[in-house]
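Have a look at final04.cif; it's mmCIF, C-alpha atoms:
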```cif
data_my_file
loop_
_atom_site.group_PDB
_atom_site.id
_atom_site.type_symbol
_atom_site.label_atom_id
_atom_site.label_comp_id
_atom_site.auth_asym_id
_atom_site.auth_seq_id
_atom_site.Cartn_x
_atom_site.Cartn_y
_atom_site.Cartn_z
ATOM 1 C CA MET B 1 57.410 120.168 12.728
ATOM 2 C CA GLU B 2 60.364 119.793 14.972
ATOM 3 C CA TRP B 3 62.113 116.591 16.003
ATOM 4 C CA PRO B 4 60.866 116.495 19.622
ATOM 5 C CA VAL B 5 57.247 116.648 18.402
ATOM 6 C CA LEU B 6 57.833 113.793 15.948
ATOM 7 C CA TYR B 7 59.498 111.708 18.661
ATOM 8 C CA GLY B 8 56.549 112.380 20.980
ATOM 9 C CA ILE B 9 54.015 111.286 18.348
ATOM 10 C CA LEU B 10 56.101 108.209 17.537
ATOM 11 C CA GLY B 11 56.308 107.330 21.252
ATOM 12 C CA VAL B 12 52.516 107.555 21.637
ATOM 13 C CA VAL B 13 51.936 105.382 18.563
ATOM 14 C CA VAL B 14 54.394 102.745 19.822
ATOM 15 C CA ALA B 15 52.755 102.762 23.282
ATOM 16 C CA VAL B 16 49.291 102.241 21.735
ATOM 17 C CA LEU B 17 50.570 99.379 19.573
ATOM 18 C CA VAL B 18 52.189 97.670 22.579
ATOM 19 C CA PHE B 19 48.959 98.055 24.576
ATOM 20 C CA LEU B 20 46.872 96.557 21.747
ATOM 21 C CA TYR B 21 49.334 93.681 21.325
ATOM 22 C CA ILE B 22 49.133 92.806 25.040
ATOM 23 C CA ARG B 23 45.315 92.883 25.047
ATOM 24 C CA LEU B 24 45.086 90.757 21.888
ATOM 25 C CA ARG B 25 47.550 88.247 23.305
ATOM 26 C CA LYS B 26 45.560 87.940 26.541
ATOM 27 C CA LYS B 27 42.316 87.474 24.602
ATOM 28 C CA MET B 28 43.839 84.759 22.407
ATOM 29 C CA LYS B 29 45.246 82.986 25.490
ATOM 30 C CA ASN B 30 41.773 82.929 27.069
ATOM 31 C CA ARG B 31 40.259 81.502 23.879
ATOM 32 C CA ALA B 32 42.909 78.778 23.725
ATOM 33 C CA GLU B 33 42.226 77.823 27.358
ATOM 34 C CA GLU B 34 38.471 77.636 26.684
ATOM 35 C CA GLN B 35 39.048 75.404 23.651
ATOM 36 C CA GLN B 36 41.416 73.165 25.625
ATOM 37 C CA ASN B 37 38.781 72.782 28.375
ATOM 38 C CA LEU B 38 36.190 71.873 25.734
ATOM 39 C CA VAL B 39 38.492 69.213 24.270
ATOM 40 C CA GLU B 40 39.176 67.811 27.761
ATOM 41 C CA GLN B 41 35.427 67.502 28.420
ATOM 42 C CA HIS B 42 34.609 65.704 25.161
ATOM 43 C CA LYS B 43 37.568 63.397 24.583
ATOM 44 C CA GLN B 44 37.102 59.644 24.211
ATOM 45 C CA THR B 45 39.626 56.822 23.947
ATOM 46 C CA VAL B 46 39.359 54.817 20.729
ATOM 47 C CA SER B 47 41.548 52.484 18.700
ATOM 48 C CA LEU B 48 42.659 53.793 15.297
ATOM 49 C CA LEU B 49 44.612 52.146 12.503
ATOM 50 C CA ILE B 50 46.838 54.946 11.207
ATOM 51 C CA LEU B 51 47.007 54.797 7.410
ATOM 52 C CA ASP B 52 48.824 58.034 6.567
ATOM 53 C CA LYS B 53 49.960 61.279 8.132
ATOM 54 C CA ARG B 54 50.908 64.490 6.383
ATOM 55 C CA MET B 55 51.228 68.256 6.727
ATOM 56 C CA ASP B 56 48.699 69.691 4.302
ATOM 57 C CA LYS B 57 46.115 72.426 3.893
ATOM 58 C CA ILE B 58 42.805 71.631 5.526
ATOM 59 C CA THR B 59 41.035 72.295 2.223
ATOM 60 C CA ASN B 60 42.792 69.202 0.788
ATOM 61 C CA ALA B 61 41.504 66.993 3.612
ATOM 62 C CA ASN B 62 38.430 64.840 3.294
ATOM 63 C CA MET B 63 36.351 66.835 5.803
ATOM 64 C CA PRO B 64 32.574 67.286 5.927
ATOM 65 C CA LYS B 65 31.164 70.591 4.619
ATOM 66 C CA SER B 66 29.853 71.541 8.057
ATOM 67 C CA VAL B 67 33.389 71.306 9.476
ATOM 68 C CA MET B 68 34.902 73.257 6.573
ATOM 69 C CA GLU B 69 32.426 76.103 7.091
ATOM 70 C CA GLN B 70 33.467 76.474 10.734
ATOM 71 C CA VAL B 71 37.216 76.540 10.082
ATOM 72 C CA PRO B 72 38.703 80.063 10.282
ATOM 73 C CA LYS B 73 40.110 81.498 7.037
ATOM 74 C CA VAL B 74 43.632 81.610 8.489
ATOM 75 C CA TYR B 75 43.664 77.814 8.918
ATOM 76 C CA LYS B 76 42.448 77.276 5.355
ATOM 77 C CA LEU B 77 45.662 78.877 4.077
ATOM 78 C CA LYS B 78 47.995 77.302 6.640
ATOM 79 C CA LYS B 79 49.376 73.746 6.562
ATOM 80 C CA VAL B 80 48.105 71.663 9.470
ATOM 81 C CA PRO B 81 48.961 68.131 10.667
ATOM 82 C CA LEU B 82 46.441 65.688 9.192
ATOM 83 C CA VAL B 83 46.159 61.981 10.011
ATOM 84 C CA LYS B 84 44.223 59.559 7.814
ATOM 85 C CA ALA B 85 43.023 56.699 9.993
ATOM 86 C CA LYS B 86 40.556 53.852 9.984
ATOM 87 C CA MET B 87 38.099 53.888 12.883
ATOM 88 C CA GLY B 88 36.000 50.744 12.652
ATOM 89 C CA PRO B 89 34.764 50.456 9.047
ATOM 90 C CA GLN B 90 35.228 54.193 8.327
ATOM 91 C CA VAL B 91 38.328 55.881 6.922
ATOM 92 C CA MET B 92 38.508 59.465 8.201
ATOM 93 C CA ASP B 93 40.873 62.427 8.289
ATOM 94 C CA PHE B 94 41.720 63.752 11.750
ATOM 95 C CA LEU B 95 43.450 66.932 12.891
ATOM 96 C CA CYS B 96 46.082 66.830 15.631
ATOM 97 C CA GLU B 97 48.707 68.948 17.367
ATOM 98 C CA GLU B 98 52.237 69.003 15.975
ATOM 99 C CA SER B 99 53.699 67.518 19.171
ATOM 100 C CA ILE B 100 51.345 64.527 18.912
ATOM 101 C CA PHE B 101 51.802 64.322 15.124
ATOM 102 C CA ASP B 102 55.493 63.433 15.523
ATOM 103 C CA LYS B 103 54.708 60.571 17.948
ATOM 104 C CA ILE B 104 52.022 58.839 15.851
ATOM 105 C CA PRO B 105 53.337 55.712 14.082
ATOM 106 C CA VAL B 106 52.179 54.981 10.524
ATOM 107 C CA LYS B 107 50.600 51.642 9.529
ATOM 108 C CA LYS B 108 49.986 50.671 13.170
ATOM 109 C CA SER B 109 47.009 50.416 15.474
ATOM 110 C CA VAL B 110 47.092 53.042 18.235
ATOM 111 C CA ASN B 111 44.862 53.914 21.187
ATOM 112 C CA VAL B 112 44.257 57.664 21.024
ATOM 113 C CA GLU B 113 42.072 60.226 22.742
ATOM 114 C CA ILE B 114 39.848 62.013 20.236
ATOM 115 C CA ALA B 115 37.434 64.909 20.589
ATOM 116 C CA GLY B 116 35.348 65.029 17.424
ATOM 117 C CA ILE B 117 37.862 65.076 14.559
ATOM 118 C CA PHE B 118 40.752 66.257 16.759
ATOM 119 C CA ILE B 119 43.337 63.831 18.154
ATOM 120 C CA ALA B 120 43.982 65.117 21.682
ATOM 121 C CA GLY B 121 46.505 62.536 22.889
ATOM 122 C CA ILE B 122 48.054 59.103 22.526
ATOM 123 C CA LYS B 123 47.297 56.439 25.137
ATOM 124 C CA SER B 124 49.493 53.606 23.820
ATOM 125 C CA ASP B 125 51.089 52.255 20.643
ATOM 126 C CA LYS B 126 49.129 48.988 20.724
ATOM 127 C CA PRO B 127 45.610 48.310 21.898
ATOM 128 C CA LYS B 128 45.378 45.712 24.656
ATOM 129 C CA SER B 129 44.623 42.274 23.242
ATOM 130 C CA LYS B 130 41.781 40.314 24.824
ATOM 131 C CA LYS B 131 42.736 36.870 26.092
ATOM 132 C CA LYS B 132 40.170 34.077 25.984
#
```
Output the file's structure in the form of structure tokens.
Amino acid sequence: MEWPVLYGILGVVVAVLVFLYIRLRKKMKNRAEEQQNLVEQHKQTVSLLILDKRMDKITNANMPKSVMEQVPKVYKLKKVPLVKAKMGPQVMDFLCEESIFDKIPVKKSVNVEIAGIFIAGIKSDKPKSKKK
């Protein structure tokens, strides 16, 4: 084979890879938007006492089996931000975004927006005290 033929084949392969990358990126963006809309629909404001926060694998978290079965394999290998908090009498592990993870204070009571086991946002550092 001559060089121009090899360059032509290489150009076609690169063009196909770029096309596939763009389509995959658009598909992933749509999925992320759908998930964000779902979180926005189901979030509730609750008061949590933050006990601990750490970056750890989700397999090391104290999550129910039904949740662990639904987690993609990629996230089982990756370290994610986990927050151990007390909600009422229960001590639970929550997932959160890294931007929110940095703002959460440890050993304090915080009003947060949760959607299932996902912390979607922080309302305030202290819950409002009720005056009698």
Selection: 12 Å around B:Ile119, all atoms listed in the file, excl. self and same-chain fewer than 6 positions, as a PDB file with C-alpha atoms, keeping the file's coordinate frame:
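Saved result, out.pdb, follows:
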```pdb
ATOM      1  CA  VAL B  39      38.492  69.213  24.270  1.00  0.00           C
ATOM      2  CA  GLU B  40      39.176  67.811  27.761  1.00  0.00           C
ATOM      3  CA  HIS B  42      34.609  65.704  25.161  1.00  0.00           C
ATOM      4  CA  LYS B  43      37.568  63.397  24.583  1.00  0.00           C
ATOM      5  CA  GLN B  44      37.102  59.644  24.211  1.00  0.00           C
ATOM      6  CA  THR B  45      39.626  56.822  23.947  1.00  0.00           C
ATOM      7  CA  VAL B  46      39.359  54.817  20.729  1.00  0.00           C
ATOM      8  CA  SER B  47      41.548  52.484  18.700  1.00  0.00           C
ATOM      9  CA  LEU B  48      42.659  53.793  15.297  1.00  0.00           C
ATOM     10  CA  ILE B  50      46.838  54.946  11.207  1.00  0.00           C
ATOM     11  CA  PRO B  81      48.961  68.131  10.667  1.00  0.00           C
ATOM     12  CA  LEU B  82      46.441  65.688   9.192  1.00  0.00           C
ATOM     13  CA  VAL B  83      46.159  61.981  10.011  1.00  0.00           C
ATOM     14  CA  LYS B  84      44.223  59.559   7.814  1.00  0.00           C
ATOM     15  CA  ALA B  85      43.023  56.699   9.993  1.00  0.00           C
ATOM     16  CA  MET B  92      38.508  59.465   8.201  1.00  0.00           C
ATOM     17  CA  ASP B  93      40.873  62.427   8.289  1.00  0.00           C
ATOM     18  CA  PHE B  94      41.720  63.752  11.750  1.00  0.00           C
ATOM     19  CA  LEU B  95      43.450  66.932  12.891  1.00  0.00           C
ATOM     20  CA  CYS B  96      46.082  66.830  15.631  1.00  0.00           C
ATOM     21  CA  GLU B  97      48.707  68.948  17.367  1.00  0.00           C
ATOM     22  CA  GLU B  98      52.237  69.003  15.975  1.00  0.00           C
ATOM     23  CA  SER B  99      53.699  67.518  19.171  1.00  0.00           C
ATOM     24  CA  ILE B 100      51.345  64.527  18.912  1.00  0.00           C
ATOM     25  CA  PHE B 101      51.802  64.322  15.124  1.00  0.00           C
ATOM     26  CA  LYS B 103      54.708  60.571  17.948  1.00  0.00           C
ATOM     27  CA  ILE B 104      52.022  58.839  15.851  1.00  0.00           C
ATOM     28  CA  VAL B 110      47.092  53.042  18.235  1.00  0.00           C
ATOM     29  CA  ASN B 111      44.862  53.914  21.187  1.00  0.00           C
ATOM     30  CA  VAL B 112      44.257  57.664  21.024  1.00  0.00           C
ATOM     31  CA  GLU B 113      42.072  60.226  22.742  1.00  0.00           C
TER      32      GLU B 113
END
```
Distance of atom CA of B:Ile122 from atom CA of B:Gln36, expressed in Å to one decimal place: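 Atom-to-atom, atom CA of B:Gln36 to atom CA of B:Ile122, that is 15.9 Å.
Taking atom CA of B:Val74 and atom CA of B:Lys29 as endpoints, the distance between them is 17.1 Å.
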So for stretch 24-33 of chain B, what box centre and size do we get, axis-aligned, 6 Å extra on each of the six sides, every listed atom, Å to one decimal, as lines of an AutoDock Vina configuration file?
```
center_x = 43.9
center_y = 84.3
center_z = 24.6
size_x = 19.3
size_y = 24.9
size_z = 17.5
```
With a distance cut-off of 6 Å and all atoms listed in the file, select the neighbouring residues of B:Lys78, excluding the residue or stretch itself and same-chain residues fewer than 2 positions from it, and output the selection as a list in words. Lys57, Tyr75 and Lys76 of chain B
Return the single residue from B:Lys79, B:Lys73, B:Lys26, B:Lys123 that is closest to B:Ser109, with distances computed using all atoms listed in the file. B:Lys123
Between atom CA of B:Ala115 and atom CA of B:Val67, measure the distance and give it in Å to one decimal.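 Result for atom CA of B:Ala115 versus atom CA of B:Val67: 13.4 Å, one decimal.
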Point out the residue among B:Leu49, B:Met28, B:Glu2, B:Ser66 with the least atom-to-atom distance to B:Pro89, counting only C-alpha atoms. B:Leu49
Suppose a student applies the PyMOL selection byres ((chain B and resi 107) around 6) to this structure; what residues should they get, written as a list in words?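 For this structure, the PyMOL selection byres ((chain B and resi 107) around 6) resolves to Ile50, Leu51, Val106 and Lys108 of chain B.
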Write out the residues from the selection above, keeping C-alpha atoms, as an mmCIF file, in the coordinates of the input.
```cif
data_model
loop_
_atom_site.group_PDB
_atom_site.id
_atom_site.type_symbol
_atom_site.label_atom_id
_atom_site.label_comp_id
_atom_site.auth_asym_id
_atom_site.auth_seq_id
_atom_site.Cartn_x
_atom_site.Cartn_y
_atom_site.Cartn_z
ATOM 1 C CA ILE B 50 46.838 54.946 11.207
ATOM 2 C CA LEU B 51 47.007 54.797 7.410
ATOM 3 C CA VAL B 106 52.179 54.981 10.524
ATOM 4 C CA LYS B 108 49.986 50.671 13.170
#
```
Between B:Val80, B:Gly121, B:Pro4, B:Ala15, which has the minimum distance to B:Met55 (counting all atoms listed in the file)?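 Counting all atoms listed in the file, the residue closest to B:Met55 is B:Val80.
Of the listed residues (B:Leu38, B:Met87, B:Val16, B:Leu24), B:Leu38 comes nearest to B:Ala120; the distances count all atoms listed in the file.
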Please reconstruct the missing atoms of stretch 36-51 of chain B (target: N, CA and C atoms) and return them as a short mmCIF file (atom, residue, chain, number, x, y, z; two decimals), in the frame of the given file.
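part-v8.cif, written as the output of this step:
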```cif
data_model
loop_
_atom_site.label_atom_id
_atom_site.label_comp_id
_atom_site.auth_asym_id
_atom_site.auth_seq_id
_atom_site.Cartn_x
_atom_site.Cartn_y
_atom_site.Cartn_z
N GLN B 36 40.77 74.31 25.00
CA GLN B 36 41.42 73.17 25.62
C GLN B 36 40.49 72.52 26.65
N ASN B 37 39.75 73.32 27.42
CA ASN B 37 38.78 72.78 28.38
C ASN B 37 37.68 72.02 27.66
N LEU B 38 37.23 72.54 26.52
CA LEU B 38 36.19 71.87 25.73
C LEU B 38 36.67 70.52 25.22
N VAL B 39 37.91 70.47 24.75
CA VAL B 39 38.49 69.21 24.27
C VAL B 39 38.60 68.22 25.43
N GLU B 40 39.04 68.69 26.60
CA GLU B 40 39.18 67.81 27.76
C GLU B 40 37.83 67.21 28.18
N GLN B 41 36.76 67.98 28.04
CA GLN B 41 35.43 67.50 28.42
C GLN B 41 34.90 66.45 27.46
N HIS B 42 35.23 66.55 26.18
CA HIS B 42 34.61 65.70 25.16
C HIS B 42 35.51 64.60 24.61
N LYS B 43 36.68 64.39 25.19
CA LYS B 43 37.57 63.40 24.58
C LYS B 43 37.18 61.98 25.00
N GLN B 44 37.40 61.07 24.03
CA GLN B 44 37.10 59.64 24.21
C GLN B 44 38.32 58.85 23.76
N THR B 45 38.52 57.69 24.36
CA THR B 45 39.63 56.82 23.95
C THR B 45 39.11 55.80 22.94
N VAL B 46 39.74 55.76 21.78
CA VAL B 46 39.36 54.82 20.73
C VAL B 46 40.63 54.22 20.12
N SER B 47 40.45 53.12 19.40
CA SER B 47 41.55 52.48 18.70
C SER B 47 41.48 52.87 17.23
N LEU B 48 42.58 53.39 16.70
CA LEU B 48 42.66 53.79 15.30
C LEU B 48 43.79 53.05 14.60
N LEU B 49 43.56 52.67 13.36
CA LEU B 49 44.61 52.15 12.50
C LEU B 49 45.09 53.32 11.65
N ILE B 50 46.30 53.78 11.90
CA ILE B 50 46.84 54.95 11.21
C ILE B 50 47.28 54.53 9.80
N LEU B 51 46.68 55.12 8.79
CA LEU B 51 47.01 54.80 7.41
C LEU B 51 48.06 55.74 6.83
#
```
